[in-house]
Every structure is written in C-alpha cells, then in structure tokens.
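Take a look at the structure set out below.
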Amino acid sequence: MTLRFKGALFSVLIVLLTLATGCDNSKEVNQAIQAGEAYKNVEYTVTYHEDIFSEQSVLERNKIIKPYLTEQYYAKAELNRYTTMPFLIVQKQQLSLEPENLAFEPLNQPTENTYDLHYTLDFVLLDQDGNEVKRVPSKGLLTMMKVDGKWLVQADEPDWKVSAELSQ
C-alpha cells in the first residue's frame with residue numbers, strides 16, 4: 001500500500017512539474033514576443049525629413065535601436081547598415097513609415113535562452129498629415145536571446161524583397 005501511494009505521489013509530482021514548466025515556457029515566450037514587438041515598433045516608426053541620412057540622424061537612430069539588440073547583433077547591424085534600412089524606404093517614398101498589425105508566432109521549442117519568432121506586419125506609409133498613402137504586407141524571422149534576464153534580438157531576417165521594392 002505504501003509503495004502504491006509513493007508511486008501515485010510521484011506521478012502527481014511529475015504532472016505538476018510539467019505544468020509549471022509549461023507555464024514558465026509560455027511566460028518566457030510572451031516576454032520574448034513583447035520584446036520583439038517593441039523592437040519592431042521602434043525599428044519601423046520613422047518620420048520623413050529631407051536630411052534623414054545626416055550623421056546626426058544616423059547616430060540618433062543607432063542609439064535608439066541599440067538597447068533592443070544583443071551586442072553581437074548590434075555590431076553586425078550597424079556595420080551592415082541594417083539599423084538604417086527603414087530610412088531607405090522613407091527616403092525613396094518621401095513618406096513616413098509605421099508598422100501595423102504586428103503578429104508573432106513561435107517557430108520552435110526554445111533552447112534555454114533562445115526563441116525563433118516568425119512575424120508578420122504591414123508597412124504603412126503616411127503623408128505629412130498622417131494620412132495613409134500605401135500599405136504593404138511583410139514578414140520575417142526574429143531570433144530572440146535572453147541576456148542578463150532581458151530578451152534581445154540576436155538576428156532579424158526581414159523580407160528583403162519587400163524592403164528592396166519599397167526602397168528602389
């Protein structure tokens with residue numbers, strides 16, 4: 001009888017641990033998504049002005065973007081000018097840019113500190129008065145990494161075709 005009781009108790013313990021871990025994963029995924037959403041909102045909210053590529057504008061842009069990225073990805077993004085990619089769209093279109101309809105979906109079972117998130121969004125191009133001129137759907141993949149308790153972007157693979165079409 002005692003052995004049966006211990007077995008049942010052990011089974012209940014395993015179920016509770018599984019549920020607790022599942023809740024933790026859900027919480028972690030939600031935190032990663034919130035961080036990804038905050039980043040995408042900052043990345044794609046750009047007001048058009050003629051000197052968008054001035055040194056001061058680019059430095060300010062990099063300063064705003066940096067807190068959302070891991071150190072490694074920030075170095076890559078700055079070097080390859082990913083941080084100013086939305087500027088190309090704004091400059092070519094001569095319109096301001098805002099993201100709308102952001103949606104994220106986890107793509108995999110996460111490793112301990114990393115999640116891959118598929119995202120979709122609409123690029124909304126606005127005139128000087130804030131009126132919508134054009135709306136273009138896009139998508140991409142964010143790799144989020146937990147660094148010192150905070151979710152940061154480790155990689156971002158936007159739909160380069162859409163970006164190229166809007167900036168050429």
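Residue numbers start at 1 in each chain; chains themselves are named A, B, ... in the order of the structure tokens; ligands are numbered from 1 in the order shown.
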
List as JSON lines every residue of region 81-121 of chain A that is in contact with region 137-146 of chain A, defined as an atom at most 6 Å from one of its atoms (using only C-alpha atoms), together with the nearest atom pair and the distance in Å rounded to one decimal, sorted by chain and then rising number.
{"residue": "A:Asn113", "atom": "CA", "partner": "A:Lys146", "partner_atom": "CA", "distance": 5.0}
{"residue": "A:Thr114", "atom": "CA", "partner": "A:Met145", "partner_atom": "CA", "distance": 4.5}
{"residue": "A:Tyr115", "atom": "CA", "partner": "A:Met144", "partner_atom": "CA", "distance": 5.2}
{"residue": "A:Asp116", "atom": "CA", "partner": "A:Thr143", "partner_atom": "CA", "distance": 4.5}
{"residue": "A:Leu117", "atom": "CA", "partner": "A:Leu142", "partner_atom": "CA", "distance": 5.1}
{"residue": "A:His118", "atom": "CA", "partner": "A:Leu141", "partner_atom": "CA", "distance": 4.5}
{"residue": "A:Tyr119", "atom": "CA", "partner": "A:Gly140", "partner_atom": "CA", "distance": 5.3}
{"residue": "A:Thr120", "atom": "CA", "partner": "A:Lys139", "partner_atom": "CA", "distance": 4.2}
{"residue": "A:Leu121", "atom": "CA", "partner": "A:Ser138", "partner_atom": "CA", "distance": 5.4}

Once you have the residues from the selection above, write them out as a PDB file, in the first residue's frame, restricted to N, CA, C and O atoms.
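The file below, out10.pdb, is the result:
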ATOM      1  N   ASN A 113      17.745  29.756 -23.704  1.00  0.00           N
ATOM      2  CA  ASN A 113      17.720  31.220 -23.746  1.00  0.00           C
ATOM      3  C   ASN A 113      17.406  31.794 -25.123  1.00  0.00           C
ATOM      4  O   ASN A 113      17.684  32.960 -25.374  1.00  0.00           O
ATOM      5  N   THR A 114      16.858  30.999 -26.043  1.00  0.00           N
ATOM      6  CA  THR A 114      16.659  31.468 -27.408  1.00  0.00           C
ATOM      7  C   THR A 114      15.299  31.024 -27.940  1.00  0.00           C
ATOM      8  O   THR A 114      14.888  29.898 -27.720  1.00  0.00           O
ATOM      9  N   TYR A 115      14.620  31.943 -28.628  1.00  0.00           N
ATOM     10  CA  TYR A 115      13.381  31.635 -29.332  1.00  0.00           C
ATOM     11  C   TYR A 115      13.471  32.190 -30.742  1.00  0.00           C
ATOM     12  O   TYR A 115      13.971  33.296 -30.952  1.00  0.00           O
ATOM     13  N   ASP A 116      12.941  31.434 -31.704  1.00  0.00           N
ATOM     14  CA  ASP A 116      12.755  31.943 -33.057  1.00  0.00           C
ATOM     15  C   ASP A 116      11.294  32.337 -33.200  1.00  0.00           C
ATOM     16  O   ASP A 116      10.406  31.546 -32.860  1.00  0.00           O
ATOM     17  N   LEU A 117      11.059  33.541 -33.673  1.00  0.00           N
ATOM     18  CA  LEU A 117       9.702  34.059 -33.818  1.00  0.00           C
ATOM     19  C   LEU A 117       9.460  34.487 -35.265  1.00  0.00           C
ATOM     20  O   LEU A 117      10.181  35.341 -35.798  1.00  0.00           O
ATOM     21  N   HIS A 118       8.466  33.903 -35.901  1.00  0.00           N
ATOM     22  CA  HIS A 118       8.025  34.367 -37.213  1.00  0.00           C
ATOM     23  C   HIS A 118       7.129  35.571 -36.972  1.00  0.00           C
ATOM     24  O   HIS A 118       6.324  35.577 -36.049  1.00  0.00           O
ATOM     25  N   TYR A 119       7.290  36.611 -37.780  1.00  0.00           N
ATOM     26  CA  TYR A 119       6.422  37.774 -37.607  1.00  0.00           C
ATOM     27  C   TYR A 119       5.845  38.223 -38.935  1.00  0.00           C
ATOM     28  O   TYR A 119       6.400  37.974 -40.000  1.00  0.00           O
ATOM     29  N   THR A 120       4.685  38.833 -38.846  1.00  0.00           N
ATOM     30  CA  THR A 120       4.056  39.488 -39.990  1.00  0.00           C
ATOM     31  C   THR A 120       3.700  40.901 -39.557  1.00  0.00           C
ATOM     32  O   THR A 120       3.489  41.165 -38.372  1.00  0.00           O
ATOM     33  N   LEU A 121       3.656  41.808 -40.514  1.00  0.00           N
ATOM     34  CA  LEU A 121       3.285  43.191 -40.245  1.00  0.00           C
ATOM     35  C   LEU A 121       2.924  43.882 -41.548  1.00  0.00           C
ATOM     36  O   LEU A 121       3.182  43.355 -42.621  1.00  0.00           O
TER      37      LEU A 121
END

Can you tell me how far CA of Lys27 (chain A) sits from CA of Tyr82 (chain A), in Å to one decimal?
29.5 Å

Which residues are close to region 53-67 of chain A, i.e. within 12 Å by only C-alpha atoms, leaving aside same-chain residues fewer than 3 positions away? Reply as number ranges by chain.
A: 35-36, 38-50, 70-79, 81-92, 147, 150-154

What is the distance between CA of Ile33 (chain A) and CA of Pro106 (chain A), in Å to one decimal?
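Those two atoms sit 8.4 Å apart.
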
With distances taken over only C-alpha atoms, which residue among A:Val136, A:Glu157, A:Glu165, A:Phe104 lies nearest Asn30 (chain A)?
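Selected residue with least distance to Asn30 (chain A): A:Phe104.
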
Where in chain A does DSSP assign helix (DSSP H, G or I), given as number ranges by chain?
A: 2-43, 55-68, 71-79, 82-93, 160-167

Calculate how many Å separate CA of Glu37 (chain A) from CA of Leu102 (chain A), rounding to one decimal.
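CA of Leu102 (chain A) lies at a distance of 7.1 Å from CA of Glu37 (chain A).
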
Backbone DSSP call of strand (DSSP E) for region 7-125 of chain A, listed as a PDB file with all heavy atoms, in the first residue's frame:
ATOM      1  N   SER A  96       6.439  59.065 -44.366  1.00  0.00           N
ATOM      2  CA  SER A  96       6.782  58.478 -43.068  1.00  0.00           C
ATOM      3  C   SER A  96       6.359  57.012 -43.050  1.00  0.00           C
ATOM      4  O   SER A  96       5.531  56.579 -43.848  1.00  0.00           O
ATOM      5  CB  SER A  96       6.101  59.247 -41.942  1.00  0.00           C
ATOM      6  OG  SER A  96       6.620  60.562 -41.863  1.00  0.00           O
ATOM      7  N   LEU A  97       6.913  56.270 -42.117  1.00  0.00           N
ATOM      8  CA  LEU A  97       6.674  54.833 -42.045  1.00  0.00           C
ATOM      9  C   LEU A  97       6.252  54.435 -40.638  1.00  0.00           C
ATOM     10  O   LEU A  97       6.817  54.928 -39.653  1.00  0.00           O
ATOM     11  CB  LEU A  97       7.975  54.091 -42.413  1.00  0.00           C
ATOM     12  CG  LEU A  97       8.005  52.575 -42.321  1.00  0.00           C
ATOM     13  CD1 LEU A  97       7.052  51.956 -43.345  1.00  0.00           C
ATOM     14  CD2 LEU A  97       9.429  52.074 -42.547  1.00  0.00           C
ATOM     15  N   GLU A  98       5.254  53.558 -40.563  1.00  0.00           N
ATOM     16  CA  GLU A  98       4.829  52.984 -39.284  1.00  0.00           C
ATOM     17  C   GLU A  98       4.459  51.529 -39.511  1.00  0.00           C
ATOM     18  O   GLU A  98       3.921  51.184 -40.557  1.00  0.00           O
ATOM     19  CB  GLU A  98       3.599  53.712 -38.722  1.00  0.00           C
ATOM     20  CG  GLU A  98       3.881  55.094 -38.214  1.00  0.00           C
ATOM     21  CD  GLU A  98       2.658  55.751 -37.587  1.00  0.00           C
ATOM     22  OE1 GLU A  98       1.585  55.106 -37.506  1.00  0.00           O
ATOM     23  OE2 GLU A  98       2.782  56.916 -37.179  1.00  0.00           O
ATOM     24  N   PRO A  99       4.721  50.687 -38.511  1.00  0.00           N
ATOM     25  CA  PRO A  99       4.268  49.301 -38.615  1.00  0.00           C
ATOM     26  C   PRO A  99       2.862  49.158 -38.031  1.00  0.00           C
ATOM     27  O   PRO A  99       2.495  49.858 -37.095  1.00  0.00           O
ATOM     28  CB  PRO A  99       5.274  48.547 -37.744  1.00  0.00           C
ATOM     29  CG  PRO A  99       5.617  49.542 -36.673  1.00  0.00           C
ATOM     30  CD  PRO A  99       5.555  50.900 -37.340  1.00  0.00           C
ATOM     31  N   GLU A 100       2.079  48.282 -38.613  1.00  0.00           N
ATOM     32  CA  GLU A 100       0.760  47.958 -38.059  1.00  0.00           C
ATOM     33  C   GLU A 100       0.534  46.465 -38.189  1.00  0.00           C
ATOM     34  O   GLU A 100       1.182  45.797 -38.997  1.00  0.00           O
ATOM     35  CB  GLU A 100      -0.359  48.713 -38.789  1.00  0.00           C
ATOM     36  CG  GLU A 100      -0.474  50.159 -38.381  1.00  0.00           C
ATOM     37  CD  GLU A 100      -1.713  50.837 -38.946  1.00  0.00           C
ATOM     38  OE1 GLU A 100      -2.558  50.165 -39.585  1.00  0.00           O
ATOM     39  OE2 GLU A 100      -1.832  52.057 -38.756  1.00  0.00           O
ATOM     40  N   ASN A 101      -0.412  45.978 -37.405  1.00  0.00           N
ATOM     41  CA  ASN A 101      -0.820  44.572 -37.452  1.00  0.00           C
ATOM     42  C   ASN A 101       0.327  43.602 -37.193  1.00  0.00           C
ATOM     43  O   ASN A 101       0.421  42.553 -37.826  1.00  0.00           O
ATOM     44  CB  ASN A 101      -1.509  44.243 -38.780  1.00  0.00           C
ATOM     45  CG  ASN A 101      -2.730  45.098 -39.018  1.00  0.00           C
ATOM     46  OD1 ASN A 101      -3.477  45.404 -38.099  1.00  0.00           O
ATOM     47  ND2 ASN A 101      -2.917  45.522 -40.251  1.00  0.00           N
ATOM     48  N   LEU A 102       1.195  43.962 -36.250  1.00  0.00           N
ATOM     49  CA  LEU A 102       2.289  43.064 -35.887  1.00  0.00           C
ATOM     50  C   LEU A 102       1.721  41.794 -35.255  1.00  0.00           C
ATOM     51  O   LEU A 102       0.870  41.874 -34.365  1.00  0.00           O
ATOM     52  CB  LEU A 102       3.196  43.733 -34.863  1.00  0.00           C
ATOM     53  CG  LEU A 102       4.308  44.603 -35.414  1.00  0.00           C
ATOM     54  CD1 LEU A 102       4.838  45.522 -34.323  1.00  0.00           C
ATOM     55  CD2 LEU A 102       5.421  43.774 -35.989  1.00  0.00           C
ATOM     56  N   ALA A 103       2.194  40.655 -35.721  1.00  0.00           N
ATOM     57  CA  ALA A 103       1.796  39.375 -35.140  1.00  0.00           C
ATOM     58  C   ALA A 103       3.016  38.466 -35.097  1.00  0.00           C
ATOM     59  O   ALA A 103       3.823  38.458 -36.031  1.00  0.00           O
ATOM     60  CB  ALA A 103       0.685  38.729 -35.964  1.00  0.00           C
ATOM     61  N   PHE A 104       3.148  37.732 -34.008  1.00  0.00           N
ATOM     62  CA  PHE A 104       4.299  36.851 -33.812  1.00  0.00           C
ATOM     63  C   PHE A 104       3.826  35.427 -33.531  1.00  0.00           C
ATOM     64  O   PHE A 104       2.803  35.224 -32.891  1.00  0.00           O
ATOM     65  CB  PHE A 104       5.142  37.323 -32.629  1.00  0.00           C
ATOM     66  CG  PHE A 104       5.862  38.602 -32.885  1.00  0.00           C
ATOM     67  CD1 PHE A 104       5.238  39.818 -32.655  1.00  0.00           C
ATOM     68  CD2 PHE A 104       7.158  38.607 -33.362  1.00  0.00           C
ATOM     69  CE1 PHE A 104       5.890  41.011 -32.894  1.00  0.00           C
ATOM     70  CE2 PHE A 104       7.817  39.795 -33.605  1.00  0.00           C
ATOM     71  CZ  PHE A 104       7.182  40.998 -33.371  1.00  0.00           C
ATOM     72  N   GLU A 105       4.627  34.479 -34.010  1.00  0.00           N
ATOM     73  CA  GLU A 105       4.344  33.073 -33.753  1.00  0.00           C
ATOM     74  C   GLU A 105       5.662  32.360 -33.482  1.00  0.00           C
ATOM     75  O   GLU A 105       6.576  32.411 -34.311  1.00  0.00           O
ATOM     76  CB  GLU A 105       3.668  32.454 -34.972  1.00  0.00           C
ATOM     77  CG  GLU A 105       3.361  31.001 -34.827  1.00  0.00           C
ATOM     78  CD  GLU A 105       2.736  30.425 -36.090  1.00  0.00           C
ATOM     79  OE1 GLU A 105       2.049  31.151 -36.817  1.00  0.00           O
ATOM     80  OE2 GLU A 105       2.963  29.238 -36.335  1.00  0.00           O
ATOM     81  N   PRO A 106       5.778  31.717 -32.327  1.00  0.00           N
ATOM     82  CA  PRO A 106       7.000  30.950 -32.043  1.00  0.00           C
ATOM     83  C   PRO A 106       7.142  29.817 -33.052  1.00  0.00           C
ATOM     84  O   PRO A 106       6.161  29.154 -33.386  1.00  0.00           O
ATOM     85  CB  PRO A 106       6.782  30.400 -30.637  1.00  0.00           C
ATOM     86  CG  PRO A 106       5.654  31.178 -30.071  1.00  0.00           C
ATOM     87  CD  PRO A 106       4.835  31.666 -31.219  1.00  0.00           C
ATOM     88  N   THR A 114      16.858  30.999 -26.043  1.00  0.00           N
ATOM     89  CA  THR A 114      16.659  31.468 -27.408  1.00  0.00           C
ATOM     90  C   THR A 114      15.299  31.024 -27.940  1.00  0.00           C
ATOM     91  O   THR A 114      14.888  29.898 -27.720  1.00  0.00           O
ATOM     92  CB  THR A 114      17.763  30.908 -28.340  1.00  0.00           C
ATOM     93  OG1 THR A 114      19.037  31.224 -27.795  1.00  0.00           O
ATOM     94  CG2 THR A 114      17.664  31.503 -29.721  1.00  0.00           C
ATOM     95  N   TYR A 115      14.620  31.943 -28.628  1.00  0.00           N
ATOM     96  CA  TYR A 115      13.381  31.635 -29.332  1.00  0.00           C
ATOM     97  C   TYR A 115      13.471  32.190 -30.742  1.00  0.00           C
ATOM     98  O   TYR A 115      13.971  33.296 -30.952  1.00  0.00           O
ATOM     99  CB  TYR A 115      12.170  32.308 -28.683  1.00  0.00           C
ATOM    100  CG  TYR A 115      11.697  31.684 -27.405  1.00  0.00           C
ATOM    101  CD1 TYR A 115      11.941  32.289 -26.198  1.00  0.00           C
ATOM    102  CD2 TYR A 115      10.976  30.494 -27.425  1.00  0.00           C
ATOM    103  CE1 TYR A 115      11.495  31.730 -25.016  1.00  0.00           C
ATOM    104  CE2 TYR A 115      10.530  29.926 -26.254  1.00  0.00           C
ATOM    105  CZ  TYR A 115      10.793  30.546 -25.046  1.00  0.00           C
ATOM    106  OH  TYR A 115      10.361  29.988 -23.888  1.00  0.00           O
ATOM    107  N   ASP A 116      12.941  31.434 -31.704  1.00  0.00           N
ATOM    108  CA  ASP A 116      12.755  31.943 -33.057  1.00  0.00           C
ATOM    109  C   ASP A 116      11.294  32.337 -33.200  1.00  0.00           C
ATOM    110  O   ASP A 116      10.406  31.546 -32.860  1.00  0.00           O
ATOM    111  CB  ASP A 116      13.111  30.890 -34.106  1.00  0.00           C
ATOM    112  CG  ASP A 116      14.606  30.623 -34.182  1.00  0.00           C
ATOM    113  OD1 ASP A 116      15.385  31.566 -33.946  1.00  0.00           O
ATOM    114  OD2 ASP A 116      14.996  29.480 -34.485  1.00  0.00           O
ATOM    115  N   LEU A 117      11.059  33.541 -33.673  1.00  0.00           N
ATOM    116  CA  LEU A 117       9.702  34.059 -33.818  1.00  0.00           C
ATOM    117  C   LEU A 117       9.460  34.487 -35.265  1.00  0.00           C
ATOM    118  O   LEU A 117      10.181  35.341 -35.798  1.00  0.00           O
ATOM    119  CB  LEU A 117       9.496  35.275 -32.910  1.00  0.00           C
ATOM    120  CG  LEU A 117       9.718  35.086 -31.414  1.00  0.00           C
ATOM    121  CD1 LEU A 117       9.640  36.441 -30.701  1.00  0.00           C
ATOM    122  CD2 LEU A 117       8.707  34.108 -30.843  1.00  0.00           C
ATOM    123  N   HIS A 118       8.466  33.903 -35.901  1.00  0.00           N
ATOM    124  CA  HIS A 118       8.025  34.367 -37.213  1.00  0.00           C
ATOM    125  C   HIS A 118       7.129  35.571 -36.972  1.00  0.00           C
ATOM    126  O   HIS A 118       6.324  35.577 -36.049  1.00  0.00           O
ATOM    127  CB  HIS A 118       7.238  33.261 -37.923  1.00  0.00           C
ATOM    128  CG  HIS A 118       6.697  33.684 -39.241  1.00  0.00           C
ATOM    129  ND1 HIS A 118       5.407  34.132 -39.395  1.00  0.00           N
ATOM    130  CD2 HIS A 118       7.267  33.764 -40.451  1.00  0.00           C
ATOM    131  CE1 HIS A 118       5.210  34.462 -40.661  1.00  0.00           C
ATOM    132  NE2 HIS A 118       6.321  34.249 -41.323  1.00  0.00           N
ATOM    133  N   TYR A 119       7.290  36.611 -37.780  1.00  0.00           N
ATOM    134  CA  TYR A 119       6.422  37.774 -37.607  1.00  0.00           C
ATOM    135  C   TYR A 119       5.845  38.223 -38.935  1.00  0.00           C
ATOM    136  O   TYR A 119       6.400  37.974 -40.000  1.00  0.00           O
ATOM    137  CB  TYR A 119       7.163  38.942 -36.929  1.00  0.00           C
ATOM    138  CG  TYR A 119       8.312  39.528 -37.700  1.00  0.00           C
ATOM    139  CD1 TYR A 119       8.119  40.554 -38.627  1.00  0.00           C
ATOM    140  CD2 TYR A 119       9.610  39.068 -37.505  1.00  0.00           C
ATOM    141  CE1 TYR A 119       9.182  41.100 -39.331  1.00  0.00           C
ATOM    142  CE2 TYR A 119      10.676  39.612 -38.201  1.00  0.00           C
ATOM    143  CZ  TYR A 119      10.458  40.620 -39.114  1.00  0.00           C
ATOM    144  OH  TYR A 119      11.509  41.169 -39.822  1.00  0.00           O
ATOM    145  N   THR A 120       4.685  38.833 -38.846  1.00  0.00           N
ATOM    146  CA  THR A 120       4.056  39.488 -39.990  1.00  0.00           C
ATOM    147  C   THR A 120       3.700  40.901 -39.557  1.00  0.00           C
ATOM    148  O   THR A 120       3.489  41.165 -38.372  1.00  0.00           O
ATOM    149  CB  THR A 120       2.781  38.754 -40.452  1.00  0.00           C
ATOM    150  OG1 THR A 120       1.868  38.667 -39.364  1.00  0.00           O
ATOM    151  CG2 THR A 120       3.102  37.364 -40.976  1.00  0.00           C
ATOM    152  N   LEU A 121       3.656  41.808 -40.514  1.00  0.00           N
ATOM    153  CA  LEU A 121       3.285  43.191 -40.245  1.00  0.00           C
ATOM    154  C   LEU A 121       2.924  43.882 -41.548  1.00  0.00           C
ATOM    155  O   LEU A 121       3.182  43.355 -42.621  1.00  0.00           O
ATOM    156  CB  LEU A 121       4.431  43.944 -39.559  1.00  0.00           C
ATOM    157  CG  LEU A 121       5.675  44.198 -40.411  1.00  0.00           C
ATOM    158  CD1 LEU A 121       5.910  45.684 -40.548  1.00  0.00           C
ATOM    159  CD2 LEU A 121       6.870  43.549 -39.775  1.00  0.00           C
ATOM    160  N   ASP A 122       2.315  45.025 -41.413  1.00  0.00           N
ATOM    161  CA  ASP A 122       2.058  45.896 -42.568  1.00  0.00           C
ATOM    162  C   ASP A 122       2.942  47.117 -42.433  1.00  0.00           C
ATOM    163  O   ASP A 122       2.986  47.741 -41.365  1.00  0.00           O
ATOM    164  CB  ASP A 122       0.594  46.364 -42.598  1.00  0.00           C
ATOM    165  CG  ASP A 122      -0.380  45.247 -42.914  1.00  0.00           C
ATOM    166  OD1 ASP A 122       0.026  44.271 -43.572  1.00  0.00           O
ATOM    167  OD2 ASP A 122      -1.551  45.353 -42.502  1.00  0.00           O
ATOM    168  N   PHE A 123       3.658  47.442 -43.509  1.00  0.00           N
ATOM    169  CA  PHE A 123       4.338  48.729 -43.584  1.00  0.00           C
ATOM    170  C   PHE A 123       3.275  49.733 -44.004  1.00  0.00           C
ATOM    171  O   PHE A 123       2.637  49.567 -45.043  1.00  0.00           O
ATOM    172  CB  PHE A 123       5.441  48.729 -44.648  1.00  0.00           C
ATOM    173  CG  PHE A 123       6.646  47.912 -44.299  1.00  0.00           C
ATOM    174  CD1 PHE A 123       7.148  46.989 -45.195  1.00  0.00           C
ATOM    175  CD2 PHE A 123       7.305  48.083 -43.089  1.00  0.00           C
ATOM    176  CE1 PHE A 123       8.281  46.249 -44.901  1.00  0.00           C
ATOM    177  CE2 PHE A 123       8.438  47.348 -42.786  1.00  0.00           C
ATOM    178  CZ  PHE A 123       8.921  46.423 -43.686  1.00  0.00           C
ATOM    179  N   VAL A 124       3.073  50.762 -43.210  1.00  0.00           N
ATOM    180  CA  VAL A 124       2.094  51.795 -43.544  1.00  0.00           C
ATOM    181  C   VAL A 124       2.863  53.073 -43.829  1.00  0.00           C
ATOM    182  O   VAL A 124       3.594  53.578 -42.977  1.00  0.00           O
ATOM    183  CB  VAL A 124       1.081  52.002 -42.395  1.00  0.00           C
ATOM    184  CG1 VAL A 124       0.078  53.078 -42.768  1.00  0.00           C
ATOM    185  CG2 VAL A 124       0.377  50.694 -42.069  1.00  0.00           C
ATOM    186  N   LEU A 125       2.710  53.576 -45.051  1.00  0.00           N
ATOM    187  CA  LEU A 125       3.377  54.804 -45.468  1.00  0.00           C
ATOM    188  C   LEU A 125       2.384  55.958 -45.357  1.00  0.00           C
ATOM    189  O   LEU A 125       1.247  55.862 -45.839  1.00  0.00           O
ATOM    190  CB  LEU A 125       3.900  54.653 -46.890  1.00  0.00           C
ATOM    191  CG  LEU A 125       4.979  53.554 -46.990  1.00  0.00           C
ATOM    192  CD1 LEU A 125       5.089  53.013 -48.387  1.00  0.00           C
ATOM    193  CD2 LEU A 125       6.303  54.081 -46.501  1.00  0.00           C
TER     194      LEU A 125
END

For Gly130 (chain A), which of A:Ala155, A:Leu69, A:Leu95, A:Ile52 is the closest residue, counting only C-alpha atoms?
A:Leu95
